[in-house]
>>> print(open('entry-v8.cif').read())   # mmCIF, C-alpha atoms
data_upload
loop_
_atom_site.label_atom_id
_atom_site.label_comp_id
_atom_site.auth_asym_id
_atom_site.auth_seq_id
_atom_site.Cartn_x
_atom_site.Cartn_y
_atom_site.Cartn_z
CA MET A 1 77.22 154.31 131.65
CA PHE A 2 80.52 154.80 129.83
CA PHE A 3 82.49 152.74 132.30
CA GLN A 4 80.30 149.67 131.93
CA VAL A 5 81.41 146.95 129.51
CA ASP A 6 79.37 144.07 128.16
CA ALA A 7 81.18 140.97 129.39
CA ALA A 8 79.92 137.53 128.40
CA GLN A 9 79.16 135.26 131.33
CA PRO A 10 81.38 132.16 131.26
CA THR A 11 79.58 128.86 130.77
CA VAL A 12 79.92 125.97 133.22
CA GLN A 13 81.18 123.66 130.49
CA PRO A 14 84.24 124.60 128.47
CA GLU A 15 83.50 125.65 124.88
CA ALA A 16 84.30 123.27 122.01
CA ILE A 17 86.88 124.54 119.51
CA PHE A 18 87.08 121.62 117.11
CA SER A 19 86.68 117.85 117.03
CA ILE A 20 89.05 114.99 116.29
CA GLY A 21 86.81 112.03 115.54
CA SER A 22 84.55 111.62 118.55
CA LEU A 23 86.84 113.69 120.77
CA THR A 24 85.72 117.28 121.19
CA VAL A 25 88.67 119.55 121.84
CA THR A 26 87.68 122.36 124.22
CA ASN A 27 89.38 125.66 125.00
CA ALA A 28 90.33 124.32 128.46
CA MET A 29 92.01 121.31 126.84
CA MET A 30 93.82 123.66 124.43
CA LEU A 31 95.28 125.73 127.26
CA GLY A 32 96.07 122.59 129.27
CA ALA A 33 98.03 121.18 126.33
CA CYS A 34 99.77 124.54 125.78
CA ILE A 35 100.82 124.66 129.46
CA THR A 36 102.16 121.09 129.25
CA ILE A 37 104.18 121.89 126.12
CA SER A 38 105.55 125.14 127.62
CA VAL A 39 106.53 123.37 130.83
CA LEU A 40 108.14 120.58 128.81
CA VAL A 41 110.24 123.04 126.79
CA PHE A 42 111.15 125.17 129.82
CA PHE A 43 112.23 122.31 132.07
CA PHE A 44 113.91 120.38 129.25
CA VAL A 45 116.13 123.42 128.61
CA ALA A 46 116.54 124.33 132.28
CA SER A 47 117.45 120.82 133.44
CA ARG A 48 120.33 120.65 130.92
CA ARG A 49 122.03 123.64 132.53
CA LEU A 50 121.88 122.55 136.15
CA LYS A 51 125.16 123.18 137.93
CA LEU A 52 126.46 122.76 141.43
CA LYS A 53 127.08 126.53 141.51
CA PRO A 54 123.62 127.74 140.50
CA THR A 55 122.70 130.58 138.17
CA SER A 56 119.86 132.91 139.14
CA SER A 57 117.27 130.92 137.16
CA GLN A 58 118.49 127.68 138.70
CA SER A 59 118.31 129.28 142.14
CA PHE A 60 114.69 130.19 141.45
CA LEU A 61 113.98 126.60 140.39
CA GLU A 62 115.69 125.23 143.50
CA MET A 63 113.82 127.66 145.75
CA MET A 64 110.55 126.52 144.22
CA VAL A 65 111.39 122.84 144.71
CA GLU A 66 112.54 123.49 148.30
CA ALA A 67 109.30 125.37 149.01
CA PHE A 68 107.20 122.49 147.66
CA LEU A 69 109.28 120.02 149.61
CA GLY A 70 108.90 122.02 152.82
CA LEU A 71 105.14 122.18 152.43
CA ILE A 72 104.83 118.45 151.72
CA GLU A 73 107.14 117.66 154.63
CA GLN A 74 104.87 119.63 156.95
CA ILE A 75 101.95 117.44 155.85
CA THR A 76 103.69 114.06 155.83
CA GLY A 77 105.97 114.85 158.77
CA ASN A 78 108.73 112.91 157.08
CA ARG A 79 111.47 114.24 154.76
CA LYS A 80 111.92 110.97 152.88
CA ALA A 81 108.20 110.62 152.25
CA ALA A 82 108.08 114.26 151.15
CA GLU A 83 110.87 113.59 148.63
CA GLN A 84 108.97 110.60 147.29
CA LEU A 85 105.69 112.52 147.02
CA LEU A 86 107.35 115.62 145.51
CA PRO A 87 106.88 114.73 141.80
CA LEU A 88 103.15 114.09 142.20
CA ILE A 89 102.26 116.93 144.55
CA GLY A 90 104.78 119.27 142.87
CA THR A 91 103.08 118.63 139.53
CA ILE A 92 99.72 119.50 141.08
CA PHE A 93 101.12 122.71 142.64
CA LEU A 94 102.79 123.75 139.41
CA PHE A 95 100.13 122.76 136.88
CA PHE A 96 97.17 124.06 138.87
CA GLY A 97 99.11 127.17 139.93
CA ILE A 98 100.00 128.02 136.32
CA SER A 99 96.45 127.15 135.18
CA ASN A 100 94.90 129.42 137.81
CA LEU A 101 97.19 132.35 137.02
CA ILE A 102 97.64 132.12 133.26
CA THR A 103 94.17 133.42 132.39
CA LEU A 104 94.95 136.58 134.35
CA ILE A 105 97.37 137.57 131.58
CA PRO A 106 95.62 140.52 129.90
CA GLY A 107 94.42 139.79 126.39
CA LEU A 108 94.58 136.01 126.61
CA ALA A 109 90.83 135.69 127.04
CA SER A 110 90.27 138.00 124.04
CA ILE A 111 91.87 135.55 121.59
CA THR A 112 88.92 133.91 119.91
CA TYR A 113 88.25 131.31 117.24
CA ASN A 114 84.81 131.34 115.62
CA GLU A 115 83.80 133.84 118.33
CA VAL A 116 84.72 131.34 121.03
CA PRO A 117 87.58 132.13 123.44
CA LEU A 118 90.50 129.99 122.39
CA PHE A 119 91.87 129.58 125.93
CA ARG A 120 90.17 128.74 129.20
CA SER A 121 91.89 127.80 132.43
CA PRO A 122 92.10 123.98 132.75
CA THR A 123 91.08 124.35 136.41
CA ASN A 124 87.94 126.11 135.20
CA ASP A 125 86.94 122.77 133.65
CA PHE A 126 85.29 120.28 135.99
CA ASN A 127 86.70 117.41 133.90
CA MET A 128 90.22 118.33 134.94
CA THR A 129 89.63 118.90 138.66
CA PHE A 130 87.36 115.84 138.96
CA THR A 131 89.79 113.56 137.09
CA ILE A 132 92.77 114.56 139.20
CA ALA A 133 90.79 114.38 142.46
CA LEU A 134 89.45 110.96 141.51
CA GLY A 135 92.95 109.88 140.51
CA ILE A 136 94.40 110.99 143.86
CA VAL A 137 91.72 109.22 145.91
CA LEU A 138 92.00 106.06 143.77
CA LEU A 139 95.78 106.14 144.08
CA SER A 140 95.56 106.35 147.87
CA GLN A 141 93.08 103.44 147.86
CA VAL A 142 95.39 101.36 145.64
CA MET A 143 98.36 102.11 147.88
CA SER A 144 96.30 101.16 150.93
CA ILE A 145 95.33 97.83 149.28
CA LYS A 146 98.95 97.29 148.31
CA SER A 147 100.11 97.79 151.87
CA PHE A 148 97.32 96.13 153.88
CA GLY A 149 96.02 93.58 151.38
CA LEU A 150 92.55 93.67 149.78
CA PHE A 151 90.62 92.12 152.68
CA ALA A 152 92.31 94.19 155.35
CA HIS A 153 91.64 97.30 153.28
CA LEU A 154 87.96 96.39 152.83
CA GLY A 155 87.86 95.62 156.53
CA LYS A 156 88.48 99.32 157.22
CA TYR A 157 85.04 100.05 155.72
CA VAL A 158 83.06 96.82 156.38
CA LYS A 159 83.78 96.02 160.01
CA ILE A 160 82.13 92.58 160.31
CA LYS A 161 85.03 91.17 162.30
CA GLU A 162 84.60 93.87 164.94
CA VAL A 163 80.84 93.16 165.18
CA VAL A 164 81.42 89.44 165.74
CA ALA A 165 84.15 90.11 168.26
CA GLY A 166 81.94 92.69 170.02
CA PHE A 167 78.99 90.32 170.44
CA ARG A 168 81.32 87.62 171.73
CA GLN A 169 82.38 90.00 174.51
CA GLY A 170 78.81 90.91 175.43
CA PHE A 171 75.59 92.44 174.21
CA GLY A 172 76.56 96.02 175.11
CA LYS A 173 79.89 95.82 173.31
CA GLY A 174 78.08 94.18 170.39
CA LEU A 175 75.78 97.20 170.08
CA ILE A 176 78.76 99.55 170.16
CA SER A 177 80.42 97.47 167.42
CA ILE A 178 77.29 97.96 165.26
CA ILE A 179 77.83 101.72 165.58
CA ASP A 180 81.46 101.14 164.50
CA PHE A 181 80.14 99.14 161.55
CA ALA A 182 77.90 102.04 160.52
CA ILE A 183 80.82 104.46 160.87
CA GLY A 184 82.86 102.16 158.61
CA LEU A 185 80.18 102.35 155.95
CA LEU A 186 80.07 106.12 156.32
CA ASP A 187 83.80 106.14 155.60
CA VAL A 188 82.97 104.90 152.09
CA VAL A 189 80.77 107.96 151.63
CA SER A 190 83.55 110.12 153.08
CA GLU A 191 86.00 108.72 150.49
CA LEU A 192 83.55 109.60 147.71
CA ALA A 193 83.00 113.01 149.29
CA LYS A 194 86.75 113.60 149.17
CA VAL A 195 86.63 113.37 145.37
CA LEU A 196 83.73 115.78 145.14
CA SER A 197 85.00 118.25 147.74
CA LEU A 198 88.49 118.32 146.25
CA SER A 199 87.31 118.77 142.67
CA LEU A 200 84.39 121.10 143.31
CA ARG A 201 86.39 123.37 145.63
CA LEU A 202 88.95 124.20 142.96
CA PHE A 203 86.49 124.26 140.07
CA GLY A 204 83.97 126.32 142.04
CA ASN A 205 86.54 128.89 143.11
CA MET A 206 87.93 129.32 139.63
CA TYR A 207 84.54 129.40 137.93
CA ALA A 208 83.09 131.76 140.50
CA GLY A 209 86.14 133.98 140.07
CA GLU A 210 85.49 134.29 136.36
CA VAL A 211 81.75 134.87 136.83
CA LEU A 212 82.44 137.57 139.40
CA ALA A 213 85.08 139.16 137.19
CA ALA A 214 82.52 139.30 134.34
CA VAL A 215 79.90 140.81 136.66
CA LEU A 216 82.34 143.38 138.01
CA LEU A 217 83.52 144.19 134.50
CA GLY A 218 79.88 144.74 133.49
CA ALA A 219 79.15 147.00 136.45
CA PHE A 220 82.47 148.86 136.87
CA ALA A 221 84.70 148.51 133.87
CA PHE A 222 87.68 150.19 135.54
CA ALA A 223 89.40 150.02 138.93
CA VAL A 224 87.27 147.34 140.62
CA PRO A 225 88.08 144.46 138.19
CA THR A 226 91.76 145.37 138.58
CA VAL A 227 91.54 144.88 142.33
CA TRP A 228 89.56 141.69 141.78
CA LEU A 229 92.16 140.35 139.34
CA ALA A 230 94.94 141.18 141.82
CA MET A 231 93.07 139.21 144.46
CA ASN A 232 92.65 136.38 141.97
CA VAL A 233 96.45 136.01 141.87
CA LEU A 234 96.34 135.24 145.59
CA VAL A 235 93.31 132.98 145.23
CA GLY A 236 94.90 131.13 142.29
CA VAL A 237 98.09 130.34 144.21
CA LEU A 238 96.16 129.49 147.37
CA GLN A 239 93.72 127.13 145.64
CA ALA A 240 96.56 125.27 143.91
CA MET A 241 98.28 124.91 147.29
CA VAL A 242 95.08 123.72 148.96
CA PHE A 243 94.49 121.09 146.25
CA GLY A 244 98.09 119.84 146.47
CA ALA A 245 98.19 119.89 150.28
CA LEU A 246 94.89 118.00 150.58
CA SER A 247 96.05 115.44 148.00
CA ALA A 248 99.20 114.88 150.06
CA ALA A 249 97.13 114.65 153.24
CA TYR A 250 94.70 112.07 151.75
CA TYR A 251 97.59 110.01 150.44
CA THR A 252 99.48 110.18 153.73
CA GLN A 253 96.34 109.33 155.68
CA ALA A 254 95.74 106.23 153.53
CA VAL A 255 99.24 104.82 153.86
CA LYS A 256 100.25 106.17 157.24
CA GLN A 257 99.02 103.11 159.11
CA MET A 258 101.09 101.01 156.73
CA GLU A 259 104.15 103.03 157.63
CA GLU A 260 103.41 102.49 161.31
CA VAL A 261 103.02 98.75 160.76
CA THR A 262 105.97 98.10 158.41
CA GLY A 263 108.23 101.05 159.22
CA GLU A 264 108.68 101.68 155.49
CA ALA A 265 108.48 105.06 153.79
CA LEU A 266 105.49 106.08 151.69
CA PRO A 267 105.47 104.34 148.31
CA VAL A 268 104.92 106.51 145.21
CA MET B 1 75.92 104.82 138.17
CA GLN B 2 73.95 106.47 135.37
CA PHE B 3 72.56 108.91 137.94
CA ILE B 4 76.06 109.86 139.00
CA LEU B 5 77.19 110.28 135.39
CA ASP B 6 74.09 112.38 134.62
CA THR B 7 74.68 114.57 137.66
CA LEU B 8 78.34 114.99 136.79
CA GLY B 9 77.38 115.65 133.17
CA LYS B 10 75.28 118.61 134.28
CA ILE B 11 78.42 120.34 135.54
CA GLY B 12 80.34 119.48 132.39
CA PHE B 13 81.77 116.04 132.99
CA GLU B 14 82.51 114.01 129.88
CA TRP B 15 84.68 110.91 130.11
CA GLN B 16 86.60 111.59 126.85
CA MET B 17 87.63 115.04 128.04
CA ALA B 18 88.43 113.62 131.44
CA LEU B 19 90.65 110.98 129.85
CA PHE B 20 92.39 113.64 127.74
CA ASN B 21 92.98 115.72 130.88
CA LEU B 22 94.30 112.68 132.75
CA ILE B 23 96.72 111.86 129.93
CA ASN B 24 97.78 115.51 129.78
CA PHE B 25 98.40 115.51 133.54
CA LEU B 26 100.32 112.22 133.42
CA ILE B 27 102.54 113.53 130.63
CA LEU B 28 103.23 116.65 132.69
CA PHE B 29 103.91 114.50 135.75
CA TRP B 30 106.40 112.41 133.80
CA ILE B 31 108.11 115.50 132.34
CA LEU B 32 108.41 117.20 135.70
CA LYS B 33 109.62 114.04 137.41
CA ARG B 34 112.24 113.43 134.74
CA TYR B 35 113.37 116.95 133.86
CA ALA B 36 112.54 119.10 136.88
CA PHE B 37 112.13 117.53 140.29
CA GLY B 38 114.50 114.61 139.68
CA PRO B 39 117.51 116.61 138.44
CA VAL B 40 116.93 119.50 140.87
CA MET B 41 116.70 117.09 143.80
CA LYS B 42 119.87 115.39 142.57
CA VAL B 43 121.71 118.73 142.45
CA LEU B 44 120.33 119.74 145.85
CA LYS B 45 121.41 116.45 147.38
CA GLN B 46 124.82 116.67 145.72
CA ARG B 47 125.26 120.22 147.03
CA HIS B 48 124.04 119.21 150.45
CA LYS B 49 126.55 116.37 150.43
CA GLU B 50 129.37 118.67 149.31
CA VAL B 51 128.49 121.25 151.96
CA SER B 52 128.27 118.62 154.70
CA ASP B 53 131.54 117.09 153.46
CA SER B 54 133.19 120.51 153.51
CA VAL B 55 131.89 121.21 157.00
CA GLU B 56 133.11 117.80 158.08
CA ASN B 57 136.52 118.47 156.50
CA ILE B 58 136.72 121.87 158.17
CA GLN B 59 135.84 120.24 161.48
CA LYS B 60 138.47 117.57 160.85
CA ALA B 61 141.07 120.17 159.88
CA LYS B 62 140.19 122.19 162.98
CA THR B 63 140.63 119.13 165.17
CA GLU B 64 143.90 118.27 163.44
CA LEU B 65 145.10 121.85 163.81
CA GLN B 66 144.18 121.81 167.48
CA MET B 67 145.96 118.50 167.92
CA SER B 68 149.08 119.68 166.09
CA GLN B 69 149.00 122.91 168.13
CA GLN B 70 148.81 120.85 171.29
CA LYS B 71 151.60 118.62 170.01
CA SER B 72 153.80 121.57 169.08
CA GLN B 73 153.05 123.20 172.43
CA GLN B 74 154.04 119.95 174.10
CA LEU B 75 157.24 119.84 172.05
CA ILE B 76 157.96 123.48 172.89
CA ASP B 77 157.36 122.74 176.57
CA GLU B 78 159.62 119.71 176.40
CA ALA B 79 162.28 121.73 174.57
CA LYS B 80 161.97 124.47 177.18
CA VAL B 81 162.41 121.96 179.99
CA GLU B 82 165.37 120.43 178.17
CA ALA B 83 166.88 123.84 177.44
CA ASN B 84 166.45 124.86 181.06
CA GLY B 85 168.18 121.65 182.06
CA VAL B 86 171.01 122.32 179.62
CA VAL B 87 171.37 125.91 180.81
CA GLU B 88 171.35 124.81 184.43
CA ALA B 89 173.93 122.12 183.69
CA ALA B 90 176.02 124.69 181.85
CA HIS B 91 175.72 127.05 184.79
CA GLU B 92 176.74 124.28 187.13
CA HIS B 93 179.59 123.28 184.88
CA ALA B 94 180.69 126.88 184.50
CA LYS B 95 180.52 127.34 188.25
CA LYS B 96 182.55 124.22 188.80
CA LEU B 97 184.99 125.21 186.09
CA SER B 98 185.41 128.69 187.46
CA GLY B 99 185.96 127.22 190.93
CA THR B 100 188.59 124.84 189.60
CA MET B 101 190.19 127.60 187.57
CA LYS B 102 190.24 129.87 190.58
CA GLU B 103 191.83 127.14 192.65
CA LYS B 104 194.37 126.47 189.95
CA ALA B 105 195.10 130.15 189.50
CA LYS B 106 195.47 130.54 193.24
CA GLU B 107 197.80 127.62 193.35
CA GLU B 108 199.80 128.99 190.47
CA ILE B 109 199.91 132.41 192.02
CA GLU B 110 201.03 130.94 195.30
CA LEU B 111 203.62 128.90 193.48
CA LEU B 112 204.81 131.99 191.65
CA ILE B 113 204.86 133.98 194.85
CA SER B 114 206.82 131.31 196.67
CA GLN B 115 209.20 131.01 193.75
CA ALA B 116 209.57 134.77 193.62
CA LYS B 117 210.19 134.82 197.35
CA LYS B 118 212.77 132.13 196.96
CA ASN B 119 214.41 134.04 194.16
CA ILE B 120 214.35 137.18 196.23
CA ASP B 121 215.88 135.30 199.13
CA ILE B 122 218.60 133.88 196.88
CA ASP B 123 219.23 137.31 195.36
CA LYS B 124 219.25 138.82 198.81
CA GLU B 125 221.71 136.24 199.99
CA GLU B 126 223.88 136.74 196.95
CA MET B 127 223.72 140.47 197.38
CA ARG B 128 224.50 140.11 200.98
CA GLU B 129 227.50 137.89 200.12
CA ASP B 130 228.67 140.37 197.53
CA LEU B 131 228.24 143.20 199.97
CA ARG B 132 230.22 141.36 202.57
CA LYS B 133 232.97 140.62 200.13
CA GLU B 134 233.12 144.16 198.93
CA THR B 135 233.02 145.46 202.50
CA ALA B 136 235.91 143.11 203.41
CA GLN B 137 237.88 144.23 200.39
CA LEU B 138 237.24 147.81 201.41
CA VAL B 139 238.32 147.01 204.92
CA VAL B 140 241.48 145.29 203.62
CA ALA B 141 242.20 148.21 201.38
CA ALA B 142 241.69 150.56 204.29
CA VAL B 143 243.85 148.46 206.60
CA GLU B 144 246.56 148.24 203.93
CA LYS B 145 246.58 151.94 203.68
CA VAL B 146 246.66 152.32 207.46
CA ILE B 147 249.46 149.87 208.10
CA GLY B 148 251.25 150.62 204.84
CA GLU B 149 251.88 147.02 204.15
CA LYS B 150 250.72 145.05 201.20
CA PHE B 151 248.95 141.86 202.10
CA ASP B 152 249.93 138.81 200.07
CA LYS B 153 247.40 136.50 198.74
CA LYS B 154 247.62 134.22 201.67
CA LYS B 155 247.37 136.95 204.25
CA ASP B 156 244.73 138.68 202.30
CA GLU B 157 242.45 135.67 202.23
CA ALA B 158 243.02 134.99 205.93
CA PHE B 159 242.22 138.58 206.80
CA ILE B 160 239.16 138.71 204.62
CA SER B 161 237.77 135.57 206.13
CA LYS B 162 238.49 136.98 209.58
CA MET B 163 236.71 140.21 208.66
CA VAL B 164 233.80 138.39 207.11
CA SER B 165 233.32 136.27 210.13
CA SER B 166 233.48 139.31 212.37
CA ILE B 167 230.91 141.13 210.22
CA LYS B 168 228.54 138.18 210.41
#
>>> encode(input="entry-v8.cif", output="structure tokens")
Amino acid sequence: MFFQVDAAQPTVQPEAIFSIGSLTVTNAMMLGACITISVLVFFFVASRRLKLKPTSSQSFLEMMVEAFLGLIEQITGNRKAAEQLLPLIGTIFLFFGISNLITLIPGLASITYNEVPLFRSPTNDFNMTFTIALGIVLLSQVMSIKSFGLFAHLGKYVKIKEVVAGFRQGFGKGLISIIDFAIGLLDVVSELAKVLSLSLRLFGNMYAGEVLAAVLLGAFAFAVPTVWLAMNVLVGVLQAMVFGALSAAYYTQAVKQMEEVTGEALPV
Amino acid sequence: MQFILDTLGKIGFEWQMALFNLINFLILFWILKRYAFGPVMKVLKQRHKEVSDSVENIQKAKTELQMSQQKSQQLIDEAKVEANGVVEAAHEHAKKLSGTMKEKAKEEIELLISQAKKNIDIDKEEMREDLRKETAQLVVAAVEKVIGEKFDKKKDEAFISKMVSSIK
């Protein structure tokens, strides 16, 4: 049919563009680096013109920061903690938001090098989502160790103390403490699952979006892909927000008990 | 561990790419912290401080205005009370003064009237004396004509005094 277009199905792995020694530079890495450079230039210029009486561009920047701050504050429930977490979670919002939306720019995917698309969304690369998710979970673990101490932190997962104390109180309580012990071990799995769920959710959504866009483009070249791309704008923003919000929630969850114990704000 | 890496490798995980992505993200994090979120938060806080300072100053000015209004009202009230006192005192003084003046004027008038009366009495007496004298002279002149004899000074005076005493 005339309105069907042959669209190549995206691969799970990003395509290699060139190599520097043993490092293979992929199209996702290319776009990731381009986004970082653009953001660097934009904010370097914008931050030099910040005034107390804002211009329209500064107002936009401030609105964005306030929106991020509001969202983080809703998760942490503390303004000071939200201000401290803002650089980390704000970076996730911004970088993943731009990454999710940038490939929707018409024509960007058509730029090729040796018949390989030169740009691919960094969030459409499992390496990126997995690394950041792993980083977030590790960071929350490190902060938990920092606040509770290594043994107290390990005690959250290996509850031997509770088992001993339970059996001292009686056989029944001892049995219940064994269940607690098993739950503690399951928490280790839950921590690992956090990494996978966080990274695969974003990667899966972005990858599936591209696959579906290619399928729709193959079946109905006009109208339907347009609607799909419009919906992808919403999905892109939403997925970036979900990743950032969950990162903030995991972090807050890990150090919240510390805050309750010491009364100090969240460390970043 | 190898199993995990193999499984992750099937969905495209490669540690070198992951490391590159991590470094890329950390650079972005540093840039945004230094050039975006840090300065914007600083400006927001500065503005927030200025706004709260301004609101505080307005509140302070309002309180001061209210206080000065109260103070001025108090001064006005005090001035009114004082003015009323002064006016009342003036009224009292004026009343007293007018009373004294009236008394004085009355006294003066009475004095004038009594003096005038005295003068009138003196004038009356003088007139009466003159009239008597003239009447006596007329009588003498008439008697002289009737008797045809000229009275000498001695007779004349004796006659006049006789006449005057008879007229009295």
>>> interface_residues(input="entry-v8.cif", of="chain B", to="chain A", cutoff="6 Å", atoms="all atoms listed in the file", output="MDAnalysis selection string")
chainID B and resid 12:13 18 21 28:29 33 35:36
>>> write_last_selection(input="entry-v8.cif", atoms="C-alpha atoms", output="PDB file, keeping the file's coordinate frame")
ATOM      1  CA  GLY B  12      80.340 119.480 132.390  1.00  0.00           C
ATOM      2  CA  PHE B  13      81.770 116.040 132.990  1.00  0.00           C
ATOM      3  CA  ALA B  18      88.430 113.620 131.440  1.00  0.00           C
ATOM      4  CA  ASN B  21      92.980 115.720 130.880  1.00  0.00           C
ATOM      5  CA  LEU B  28     103.230 116.650 132.690  1.00  0.00           C
ATOM      6  CA  PHE B  29     103.910 114.500 135.750  1.00  0.00           C
ATOM      7  CA  LYS B  33     109.620 114.040 137.410  1.00  0.00           C
ATOM      8  CA  TYR B  35     113.370 116.950 133.860  1.00  0.00           C
ATOM      9  CA  ALA B  36     112.540 119.100 136.880  1.00  0.00           C
TER      10      ALA B  36
END
>>> axis_aligned_box(input="entry-v8.cif", around="stretch 168-172 of chain A", padding_each_side="6 Å", output="lines of an AutoDock Vina configuration file")
center_x = 79.0
center_y = 91.8
center_z = 173.6
size_x = 18.8
size_y = 20.4
size_z = 15.7
>>> closest_residue(input="entry-v8.cif", among="B:Ile113, B:Gln137, B:Ala79, B:Ile147", to="B:Ile160", atoms="all atoms listed in the file")
B:Gln137
>>> resolve_selection(input="entry-v8.cif", expression="the PyMOL selection byres ((chain A and resi 205-212) around 8)", output="list in words")
Gln9, Pro10, Val12, Asn100, Thr123, Asn124, Arg201, Leu202, Phe203, Gly204, Ala213, Ala214, Val215, Leu216, Asn232, Gly236 and Gln239 of chain A
>>> atom_distance(input="entry-v8.cif", atom1="atom CA of A:Val158", atom2="atom CA of A:Gln141")
14.7 Å
>>> atom_distance(input="entry-v8.cif", atom1="atom CA of A:Leu85", atom2="atom CA of A:Leu185")
28.9 Å
>>> closest_residue(input="entry-v8.cif", among="A:Phe243, A:Val227, A:Ala165, A:Asn27", to="A:Lys194", atoms="all atoms listed in the file")
A:Phe243
>>> atom_distance(input="entry-v8.cif", atom1="atom CA of B:Ser72", atom2="atom CA of B:Val86")
20.2 Å
>>> closest_residue(input="entry-v8.cif", among="A:Val137, A:Leu108, A:Pro117, A:Ile75", to="A:Ala193", atoms="only C-alpha atoms")
A:Val137
>>> decode(input="entry-v8.cif", residues="stretch 66-109 of chain B", atoms="C-alpha atoms", output="CSV table (one decimal), in the first residue's frame")
chain,number,residue,atom,x,y,z
B,66,GLN,CA,-0.6,52.9,63.4
B,67,MET,CA,1.4,53.9,66.5
B,68,SER,CA,2.2,57.4,65.2
B,69,GLN,CA,-1.5,57.8,64.3
B,70,GLN,CA,-2.4,56.7,67.8
B,71,LYS,CA,0.2,59.1,69.2
B,72,SER,CA,-1.0,62.0,67.0
B,73,GLN,CA,-4.6,61.2,67.9
B,74,GLN,CA,-3.6,61.2,71.6
B,75,LEU,CA,-1.8,64.6,71.1
B,76,ILE,CA,-4.8,66.0,69.2
B,77,ASP,CA,-7.1,64.8,72.0
B,78,GLU,CA,-4.8,66.3,74.6
B,79,ALA,CA,-4.6,69.5,72.7
B,80,LYS,CA,-8.4,69.5,72.4
B,81,VAL,CA,-8.8,69.1,76.1
B,82,GLU,CA,-6.2,71.8,76.7
B,83,ALA,CA,-7.9,74.1,74.2
B,84,ASN,CA,-11.3,73.5,75.8
B,85,GLY,CA,-9.7,74.3,79.2
B,86,VAL,CA,-8.2,77.5,77.8
B,87,VAL,CA,-11.5,78.5,76.1
B,88,GLU,CA,-13.4,77.8,79.3
B,89,ALA,CA,-10.9,79.8,81.3
B,90,ALA,CA,-11.1,82.6,78.8
B,91,HIS,CA,-14.9,82.5,79.0
B,92,GLU,CA,-14.7,82.6,82.8
B,93,HIS,CA,-12.2,85.4,82.7
B,94,ALA,CA,-14.3,87.3,80.2
B,95,LYS,CA,-17.4,86.8,82.3
B,96,LYS,CA,-15.5,87.9,85.4
B,97,LEU,CA,-14.1,90.9,83.5
B,98,SER,CA,-17.4,91.9,82.0
B,99,GLY,CA,-18.9,91.7,85.5
B,100,THR,CA,-16.2,93.8,87.0
B,101,MET,CA,-16.4,96.2,84.1
B,102,LYS,CA,-20.2,96.4,84.5
B,103,GLU,CA,-19.8,97.1,88.2
B,104,LYS,CA,-17.2,99.7,87.5
B,105,ALA,CA,-19.3,101.3,84.8
B,106,LYS,CA,-22.3,101.3,87.1
B,107,GLU,CA,-20.2,102.9,89.8
B,108,GLU,CA,-18.9,105.5,87.4
B,109,ILE,CA,-22.3,106.2,86.0
